[in-house]
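Quick look at protein-v1.json (JSON, C-alpha atoms):
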```
[["chain", "number", "residue", "atom", "x", "y", "z"],
["A", 108, "MET", "CA", 9.97, -1.89, 27.27],
["A", 109, "SER", "CA", 13.13, -1.08, 25.35],
["A", 110, "LEU", "CA", 13.49, 1.77, 22.88],
["A", 111, "ALA", "CA", 13.55, -0.79, 20.05],
["A", 112, "THR", "CA", 10.16, -2.13, 21.14],
["A", 113, "GLU", "CA", 8.64, 1.34, 21.34],
["A", 114, "GLU", "CA", 9.99, 2.21, 17.87],
["A", 115, "ALA", "CA", 8.55, -1.05, 16.56],
["A", 116, "LYS", "CA", 5.11, -0.06, 17.84],
["A", 117, "ASP", "CA", 5.30, 3.26, 16.00],
["A", 118, "ASN", "CA", 6.24, 1.44, 12.80],
["A", 119, "VAL", "CA", 3.28, -0.93, 13.12],
["A", 120, "VAL", "CA", 0.88, 1.99, 13.56],
["A", 121, "ARG", "CA", 2.29, 3.81, 10.51],
["A", 122, "VAL", "CA", 2.01, 0.73, 8.31],
["A", 123, "GLY", "CA", -1.50, 0.07, 9.59],
["A", 124, "HIS", "CA", -2.61, 3.54, 8.56],
["A", 125, "ARG", "CA", -0.96, 3.19, 5.15],
["A", 126, "MET", "CA", -2.55, -0.22, 4.66],
["A", 127, "ALA", "CA", -6.00, 1.27, 5.25],
["A", 128, "GLN", "CA", -5.26, 4.27, 3.00],
["A", 129, "SER", "CA", -4.08, 1.92, 0.24],
["A", 130, "ARG", "CA", -7.36, 0.00, 0.53],
["A", 131, "LEU", "CA", -5.55, -3.28, 1.05],
["A", 132, "VAL", "CA", -7.93, -3.98, 3.94],
["A", 133, "VAL", "CA", -11.47, -3.07, 4.96],
["A", 134, "GLY", "CA", -12.25, -2.29, 8.58],
["A", 135, "SER", "CA", -10.45, -4.51, 11.07],
["A", 136, "TRP", "CA", -9.73, -7.37, 8.66],
["A", 137, "GLY", "CA", -6.02, -7.90, 8.15],
["A", 138, "ASN", "CA", -3.17, -7.74, 10.65],
["A", 139, "ILE", "CA", 0.44, -6.68, 11.13],
["A", 140, "SER", "CA", 3.30, -7.79, 13.33],
["A", 141, "THR", "CA", 6.99, -7.15, 13.79],
["A", 142, "LEU", "CA", 9.63, -9.13, 15.63],
["A", 143, "VAL", "CA", 11.94, -7.34, 18.07],
["A", 144, "LYS", "CA", 14.75, -9.88, 18.10],
["A", 145, "LYS", "CA", 16.87, -8.24, 20.80],
["A", 146, "ASP", "CA", 13.93, -8.46, 23.23],
["A", 147, "LYS", "CA", 12.53, -11.74, 21.85],
["A", 148, "LEU", "CA", 9.13, -10.08, 21.57],
["A", 149, "VAL", "CA", 6.49, -9.71, 18.86],
["A", 150, "ILE", "CA", 4.35, -6.60, 18.45],
["A", 151, "ILE", "CA", 1.02, -7.46, 16.83],
["A", 152, "THR", "CA", -2.18, -5.63, 16.02],
["A", 153, "PRO", "CA", -5.28, -6.34, 18.12],
["A", 154, "SER", "CA", -8.42, -8.12, 17.05],
["A", 155, "ALA", "CA", -11.44, -6.04, 15.97],
["A", 156, "VAL", "CA", -9.67, -2.66, 15.72],
["A", 157, "ASN", "CA", -9.79, -0.85, 12.37],
["A", 158, "CYS", "CA", -6.37, -0.23, 10.83],
["A", 159, "ASP", "CA", -7.13, 3.44, 10.23],
["A", 160, "ASN", "CA", -7.90, 3.86, 13.95],
["A", 161, "LEU", "CA", -4.80, 2.03, 15.12],
["A", 162, "HIS", "CA", -2.65, 3.58, 17.87],
["A", 163, "ALA", "CA", 0.34, 2.37, 19.88],
["A", 164, "HIS", "CA", -1.63, 1.75, 23.09],
["A", 165, "ALA", "CA", -3.89, -0.70, 21.25],
["A", 166, "LEU", "CA", -1.00, -2.96, 20.18],
["A", 167, "ILE", "CA", -0.26, -6.24, 21.91],
["A", 168, "THR", "CA", 3.21, -7.43, 22.89],
["A", 169, "VAL", "CA", 3.72, -11.18, 23.17],
["A", 170, "ASP", "CA", 6.68, -13.49, 23.68],
["A", 171, "LEU", "CA", 7.65, -16.08, 21.09],
["A", 172, "GLU", "CA", 5.25, -18.59, 22.64],
["A", 173, "GLY", "CA", 2.30, -16.22, 22.34],
["A", 174, "ASN", "CA", 2.05, -15.20, 25.98],
["A", 175, "VAL", "CA", 0.85, -11.61, 26.38],
["A", 176, "VAL", "CA", 3.53, -9.39, 27.90],
["A", 177, "GLU", "CA", 1.80, -6.05, 27.43],
["A", 178, "GLY", "CA", -1.59, -4.88, 26.19],
["A", 179, "ASN", "CA", -5.20, -4.93, 27.29],
["A", 180, "LEU", "CA", -6.87, -6.00, 24.05],
["A", 181, "LYS", "CA", -7.10, -9.40, 22.41],
["A", 182, "PRO", "CA", -4.26, -10.17, 19.96],
["A", 183, "SER", "CA", -5.08, -10.75, 16.31],
["A", 184, "THR", "CA", -6.79, -14.06, 15.63],
["A", 185, "GLU", "CA", -3.85, -14.88, 13.34],
["A", 186, "LEU", "CA", -1.27, -14.77, 16.15],
["A", 187, "LYS", "CA", -0.51, -18.47, 15.67],
["A", 188, "LEU", "CA", 0.23, -17.85, 12.00],
["A", 189, "HIS", "CA", 2.59, -14.96, 12.71],
["A", 190, "LEU", "CA", 4.52, -16.93, 15.33],
["A", 191, "ALA", "CA", 4.76, -19.98, 13.06],
["A", 192, "VAL", "CA", 6.29, -17.89, 10.27],
["A", 193, "TYR", "CA", 8.83, -16.28, 12.61],
["A", 194, "LYS", "CA", 9.87, -19.70, 13.90],
["A", 195, "SER", "CA", 10.25, -21.17, 10.41],
["A", 196, "ARG", "CA", 11.93, -18.13, 8.82],
["A", 197, "PRO", "CA", 14.82, -16.64, 10.83],
["A", 198, "ASP", "CA", 15.30, -13.99, 8.11],
["A", 199, "VAL", "CA", 11.79, -12.57, 8.60],
["A", 200, "ASN", "CA", 11.23, -9.69, 11.01],
["A", 201, "ALA", "CA", 7.83, -8.43, 9.83],
["A", 202, "ILE", "CA", 4.53, -9.82, 8.55],
["A", 203, "VAL", "CA", 1.65, -8.01, 6.86],
["A", 204, "HIS", "CA", -1.68, -9.73, 6.16],
["A", 205, "THR", "CA", -4.11, -8.06, 3.75],
["A", 206, "HIS", "CA", -7.51, -8.79, 2.24],
["A", 207, "SER", "CA", -6.88, -6.89, -1.00],
["A", 208, "THR", "CA", -9.27, -7.28, -3.93],
["A", 209, "TYR", "CA", -7.11, -8.88, -6.62],
["A", 210, "GLY", "CA", -5.08, -10.86, -4.11],
["A", 211, "CYS", "CA", -8.31, -12.30, -2.73],
["A", 212, "ALA", "CA", -9.43, -13.10, -6.28],
["A", 213, "MET", "CA", -6.32, -15.26, -6.68],
["A", 214, "ALA", "CA", -6.86, -16.81, -3.25],
["A", 215, "VAL", "CA", -10.48, -17.67, -4.02],
["A", 216, "SER", "CA", -9.58, -19.19, -7.40],
["A", 217, "ARG", "CA", -6.73, -20.99, -5.61],
["A", 218, "GLN", "CA", -4.32, -20.14, -8.39],
["A", 219, "ALA", "CA", -0.66, -19.39, -7.80],
["A", 220, "LEU", "CA", 0.51, -16.03, -9.16],
["A", 221, "PRO", "CA", 3.45, -16.53, -11.54],
["A", 222, "PRO", "CA", 6.34, -14.04, -11.62],
["A", 223, "ILE", "CA", 5.30, -11.88, -14.55],
["A", 224, "LEU", "CA", 6.77, -8.53, -13.46],
["A", 225, "GLU", "CA", 10.34, -7.65, -12.54],
["A", 226, "ASP", "CA", 9.44, -5.89, -9.29],
["A", 227, "MET", "CA", 7.52, -8.95, -8.15],
["A", 228, "ALA", "CA", 10.51, -11.16, -8.94],
["A", 229, "GLN", "CA", 12.74, -8.82, -6.94],
["A", 230, "LEU", "CA", 10.56, -8.68, -3.83],
["A", 231, "VAL", "CA", 8.85, -12.07, -3.74],
["A", 232, "GLY", "CA", 11.62, -14.20, -5.21],
["A", 233, "GLY", "CA", 9.30, -16.42, -7.25],
["A", 234, "PRO", "CA", 5.62, -17.23, -7.68],
["A", 235, "VAL", "CA", 3.06, -16.58, -4.96],
["A", 236, "PRO", "CA", 1.77, -20.04, -3.98],
["A", 237, "VAL", "CA", -1.57, -20.86, -2.36],
["A", 238, "ALA", "CA", -1.66, -22.34, 1.13],
["A", 239, "GLU", "CA", -4.24, -25.07, 1.63],
["A", 240, "TYR", "CA", -7.48, -23.89, 3.17],
["A", 241, "ALA", "CA", -8.02, -23.97, 6.91],
["A", 242, "PRO", "CA", -10.27, -21.78, 9.09],
["A", 243, "ALA", "CA", -8.86, -18.44, 10.23],
["A", 244, "GLY", "CA", -6.97, -18.44, 13.51],
["A", 245, "THR", "CA", -6.29, -22.16, 13.59],
["A", 246, "ALA", "CA", -3.02, -23.98, 14.11],
["A", 247, "GLU", "CA", -3.74, -25.80, 10.85],
["A", 248, "LEU", "CA", -3.79, -22.52, 8.91],
["A", 249, "ALA", "CA", -0.54, -21.45, 10.58],
["A", 250, "GLU", "CA", 1.11, -24.71, 9.52],
["A", 251, "ASN", "CA", -0.30, -24.54, 5.99],
["A", 252, "CYS", "CA", 0.93, -20.96, 5.59],
["A", 253, "SER", "CA", 4.47, -21.69, 6.79],
["A", 254, "HIS", "CA", 4.69, -24.76, 4.58],
["A", 255, "ALA", "CA", 3.48, -23.00, 1.43],
["A", 256, "LEU", "CA", 5.55, -19.87, 2.06],
["A", 257, "GLY", "CA", 8.83, -21.76, 2.17],
["A", 258, "LYS", "CA", 11.65, -19.35, 1.31],
["A", 259, "LEU", "CA", 9.41, -16.96, -0.63],
["A", 260, "ASN", "CA", 8.13, -13.62, 0.63],
["A", 261, "ALA", "CA", 4.41, -13.96, -0.13],
["A", 262, "VAL", "CA", 1.65, -16.54, -0.04],
["A", 263, "PHE", "CA", -2.09, -16.60, -0.67],
["A", 264, "LEU", "CA", -4.31, -18.08, 2.02],
["A", 265, "ALA", "CA", -7.02, -20.00, 0.17],
["A", 266, "ASN", "CA", -10.39, -18.20, 0.28],
["A", 267, "HIS", "CA", -8.90, -15.67, 2.68],
["A", 268, "GLY", "CA", -6.18, -13.20, 1.72],
["A", 269, "VAL", "CA", -2.49, -12.40, 1.29],
["A", 270, "ILE", "CA", 0.54, -12.76, 3.55],
["A", 271, "GLY", "CA", 3.66, -10.68, 2.85],
["A", 272, "VAL", "CA", 6.87, -11.00, 4.84],
["A", 273, "GLY", "CA", 10.12, -9.05, 4.94],
["A", 274, "ARG", "CA", 13.26, -8.12, 6.79],
["A", 275, "GLU", "CA", 11.42, -5.04, 8.06],
["A", 276, "LEU", "CA", 7.86, -3.74, 8.05],
["A", 277, "GLU", "CA", 8.32, -1.45, 5.07],
["A", 278, "GLU", "CA", 9.53, -4.37, 2.99],
["A", 279, "ALA", "CA", 6.65, -6.64, 4.06],
["A", 280, "PHE", "CA", 4.17, -3.88, 3.23],
["A", 281, "GLN", "CA", 5.75, -3.35, -0.20],
["A", 282, "VAL", "CA", 5.49, -7.08, -0.85],
["A", 283, "CYS", "CA", 1.73, -6.88, -0.31],
["A", 284, "GLN", "CA", 1.47, -3.82, -2.55],
["A", 285, "ILE", "CA", 3.44, -5.50, -5.34],
["A", 286, "VAL", "CA", 1.46, -8.74, -5.05],
["A", 287, "GLU", "CA", -1.83, -6.82, -5.34],
["A", 288, "ARG", "CA", -0.59, -4.87, -8.38],
["A", 289, "THR", "CA", 0.80, -8.00, -10.05],
["A", 290, "ALA", "CA", -2.41, -9.94, -9.42],
["A", 291, "LYS", "CA", -4.36, -7.15, -11.11],
["A", 292, "VAL", "CA", -1.99, -7.11, -14.10],
["A", 293, "TYR", "CA", -2.14, -10.92, -14.33],
["A", 294, "ILE", "CA", -5.94, -10.99, -14.37],
["A", 295, "LEU", "CA", -6.16, -8.14, -16.92],
["A", 296, "SER", "CA", -3.45, -9.58, -19.16],
["A", 297, "GLY", "CA", -5.35, -12.87, -19.21],
["A", 298, "ILE", "CA", -8.25, -11.03, -20.83],
["A", 299, "LEU", "CA", -5.94, -9.75, -23.58],
["A", 300, "GLY", "CA", -4.10, -13.00, -24.17],
["A", 301, "THR", "CA", -1.60, -15.27, -22.48],
["A", 302, "PRO", "CA", 0.56, -13.69, -19.75],
["A", 303, "HIS", "CA", 4.25, -14.31, -20.34],
["A", 304, "VAL", "CA", 6.13, -15.52, -17.28],
["A", 305, "LEU", "CA", 9.73, -14.62, -16.45],
["A", 306, "THR", "CA", 12.17, -17.53, -16.60],
["A", 307, "PRO", "CA", 13.50, -19.02, -13.34],
["A", 308, "GLU", "CA", 16.92, -17.66, -14.25],
["A", 309, "ASP", "CA", 15.58, -14.13, -14.66],
["A", 310, "VAL", "CA", 13.61, -14.37, -11.41],
["A", 311, "LYS", "CA", 16.70, -15.49, -9.52],
["A", 312, "SER", "CA", 18.79, -12.72, -11.06],
["A", 313, "HIS", "CA", 16.25, -10.01, -10.19],
["A", 314, "HIS", "CA", 15.81, -11.29, -6.63],
["A", 315, "ASN", "CA", 19.55, -11.53, -5.99],
["A", 316, "TYR", "CA", 20.04, -8.02, -7.35],
["A", 317, "TYR", "CA", 17.39, -6.70, -4.98],
["A", 318, "LEU", "CA", 18.92, -8.47, -1.98],
["A", 319, "THR", "CA", 22.51, -7.47, -2.66],
["A", 320, "CYS", "CA", 22.44, -4.17, -4.53],
["A", 321, "TYR", "CA", 19.08, -2.46, -4.68],
["A", 322, "ARG", "CA", 18.05, -2.17, -1.07],
["A", 323, "ARG", "CA", 19.59, -3.17, 2.21],
["A", 324, "PRO", "CA", 17.17, -2.35, 5.02],
["A", 325, "THR", "CA", 18.61, -1.61, 8.41],
["A", 326, "ASN", "CA", 16.50, -3.32, 11.05],
["A", 327, "LYS", "CA", 16.93, -1.52, 14.35],
["A", 328, "ASN", "CA", 14.92, -4.25, 16.09],
["A", 329, "LYS", "CA", 17.56, -6.95, 15.70]]
```

Would you mind writing the file out in structure tokens?
Amino acid sequence: MSLATEEAKDNVVRVGHRMAQSRLVVGSWGNISTLVKKDKLVIITPSAVNCDNLHAHALITVDLEGNVVEGNLKPSTELKLHLAVYKSRPDVNAIVHTHSTYGCAMAVSRQALPPILEDMAQLVGGPVPVAEYAPAGTAELAENCSHALGKLNAVFLANHGVIGVGRELEEAFQVCQIVERTAKVYILSGILGTPHVLTPEDVKSHHNYYLTCYRRPTNKNK
């Protein structure tokens, strides 16, 4: 394996530990992957391994068709979903899937999350839509997710959880953090009154600023 692939594994482990510490997942539910473009390989977390116990030797390396290249454990049940997103979004190099409390509340109610906060507009680029329901691990769910995600950076899986994508793992993880925080604010603000949504023009301006000025991640895995 190349140095880029080994570094990618370390990044997945770090994000897995942070995801558990942030309480965005419970136990082994949720998954992470990163695309190593130069090697045409995907590093993905295994099935049934707690995120807080994750280590590099537990990770699975697959090619872009899902064939296992390295690893002794079973890949995440959402491997099809991860591969479908990578194939439909050439700009995406990392995917984080969480089962966070407020994100799941939105997913269960099957309500899209409107862009009500500036940091959400910057990172997500618009509302967080809801992908149509399909059982976990199925090709149907993978297709529904890719379709609903479109050019955005987050999507709710109906009755399931949250998907965040990014140009690198740190960005994908931040997307999930921001979506969870925004979902909480949205639900609480609804108790107080009517949440006010940013205009499409403001959302576009904030997102473009983020992409061009605020942060330009350097992806060593390209």

Closest atom pairs, region 145-236 of chain A residues within 12 Å of region 290-297 of chain A, all atoms listed in the file, as JSON lines:
```
{"residue": "A:Ser207", "atom": "CA", "partner": "A:Ala290", "partner_atom": "CA", "distance": 10.0}
{"residue": "A:Thr208", "atom": "CA", "partner": "A:Lys291", "partner_atom": "CA", "distance": 8.7}
{"residue": "A:Tyr209", "atom": "CA", "partner": "A:Lys291", "partner_atom": "CA", "distance": 5.5}
{"residue": "A:Gly210", "atom": "CA", "partner": "A:Ala290", "partner_atom": "CA", "distance": 6.0}
{"residue": "A:Cys211", "atom": "CA", "partner": "A:Ala290", "partner_atom": "CA", "distance": 9.2}
{"residue": "A:Ala212", "atom": "CA", "partner": "A:Ala290", "partner_atom": "CA", "distance": 8.3}
{"residue": "A:Met213", "atom": "CA", "partner": "A:Ala290", "partner_atom": "CA", "distance": 7.1}
{"residue": "A:Ala214", "atom": "CA", "partner": "A:Ala290", "partner_atom": "CA", "distance": 10.3}
{"residue": "A:Ser216", "atom": "CA", "partner": "A:Ile294", "partner_atom": "CA", "distance": 11.4}
{"residue": "A:Gln218", "atom": "CA", "partner": "A:Ala290", "partner_atom": "CA", "distance": 10.4}
{"residue": "A:Ala219", "atom": "CA", "partner": "A:Ala290", "partner_atom": "CA", "distance": 9.7}
{"residue": "A:Leu220", "atom": "CA", "partner": "A:Ala290", "partner_atom": "CA", "distance": 6.8}
{"residue": "A:Pro221", "atom": "CA", "partner": "A:Tyr293", "partner_atom": "CA", "distance": 8.4}
{"residue": "A:Pro222", "atom": "CA", "partner": "A:Tyr293", "partner_atom": "CA", "distance": 9.4}
{"residue": "A:Ile223", "atom": "CA", "partner": "A:Tyr293", "partner_atom": "CA", "distance": 7.5}
{"residue": "A:Leu224", "atom": "CA", "partner": "A:Val292", "partner_atom": "CA", "distance": 8.9}
{"residue": "A:Met227", "atom": "CA", "partner": "A:Ala290", "partner_atom": "CA", "distance": 10.1}
{"residue": "A:Pro234", "atom": "CA", "partner": "A:Ala290", "partner_atom": "CA", "distance": 11.0}
{"residue": "A:Val235", "atom": "CA", "partner": "A:Ala290", "partner_atom": "CA", "distance": 9.7}
```

request  = May I have the residues at most 6 Å from (12.6, -11.7, 4.4) in the file's coordinates, counting only C-alpha atoms, as a PyMOL selection string?
outcome  = chain A and resi 198-199+272-274

query = Got a sec: who's within 9 Å of Leu230 (chain A), counting all atoms listed in the file, leaving out chain neighbours fewer than 5 positions off, as an NGL selection string?
reply = :A and (225 or 259-261 or 273 or 278 or 281-282 or 285 or 313-314 or 317-318)

key: Top pick for closest residue to Leu188 (chain A), considering A:Asn266, A:Ser135, A:Ser140, A:Asn315 and counting all atoms listed in the file   =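 Among A:Asn266, A:Ser135, A:Ser140, A:Asn315, it is A:Ser140 that comes nearest to Leu188 (chain A).
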
query = What is the distance between CA of Pro182 (chain A) and CA of Pro236 (chain A), in Å to one decimal?
reply = 26.6 Å

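Residues in contact range of Thr141 (chain A), defined as at most 10 Å between all atoms listed in the file, with sequence neighbours fewer than 3 positions away removed, read A:Thr112, A:Ala115, A:Lys116, A:Asn118, A:Val119, A:Lys144, A:Leu148, A:Val149, A:Ile150, A:Ile151, A:Thr152, A:Thr168, A:His189, A:Tyr193, A:Val199, A:Asn200, A:Ala201, A:Ile202, A:Val203, A:Val272, A:Gly273, A:Arg274, A:Glu275, A:Leu276, A:Ala279, A:Asn328.
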
ask   = Do you know which residues lie at most 6 Å from (-1.7, -9.3, 23.5), with coordinates as in the file and only C-alpha atoms counted, and could you write them as a list of chain:residue names?
value = A:Ile167, A:Thr168, A:Val169, A:Val175, A:Gly178, A:Lys181, A:Pro182

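Closest approach to Ser312 (chain A) among A:Gly271, A:Gly257, A:Gly232, A:Gly244: A:Gly232, based on all atoms listed in the file.
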
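The shortest atom-to-atom distance to Glu308 (chain A), with only C-alpha atoms taken into account, belongs to A:Gly233 out of A:Leu180, A:Gly233, A:Leu190, A:Glu287.
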
key: Residue contacts of region 123-132 of chain A (7 Å, all atoms listed in the file) excluding same-chain residues fewer than 5 positions away, as a list of chain:residue names   = A:Gly137, A:Cys158, A:Asp159, A:Leu161, A:Thr205, A:His206, A:Ser207

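Minimum distance to Asp309 (chain A) across A:Gln229, A:Leu110, A:Ala238, A:Gly134 (counting only C-alpha atoms) occurs at A:Gln229.
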
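Among the candidate residues A:Leu264, A:Val237, A:Ala228, A:Val269, the one lying nearest to Val304 (chain A) is A:Ala228, with distances computed using all atoms listed in the file.
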
inquiry  = My list of candidates is A:Ala155, A:Val215, A:Gly268, A:Asp226. Which is closest to Arg288 (chain A) when distances are computed with only C-alpha atoms?
reply    = A:Asp226

ask   = Could you state the separation of CA of Lys194 (chain A) and CA of Asn157 (chain A) in Å, given to one decimal place?
value =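 Separation of CA of Lys194 (chain A) and CA of Asn157 (chain A): 27.3 Å.
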
ask   = If you measure from CA of Arg196 (chain A) to CA of Arg217 (chain A), what distance in Å do you get, rounded to one decimal?
value = 23.8 Å
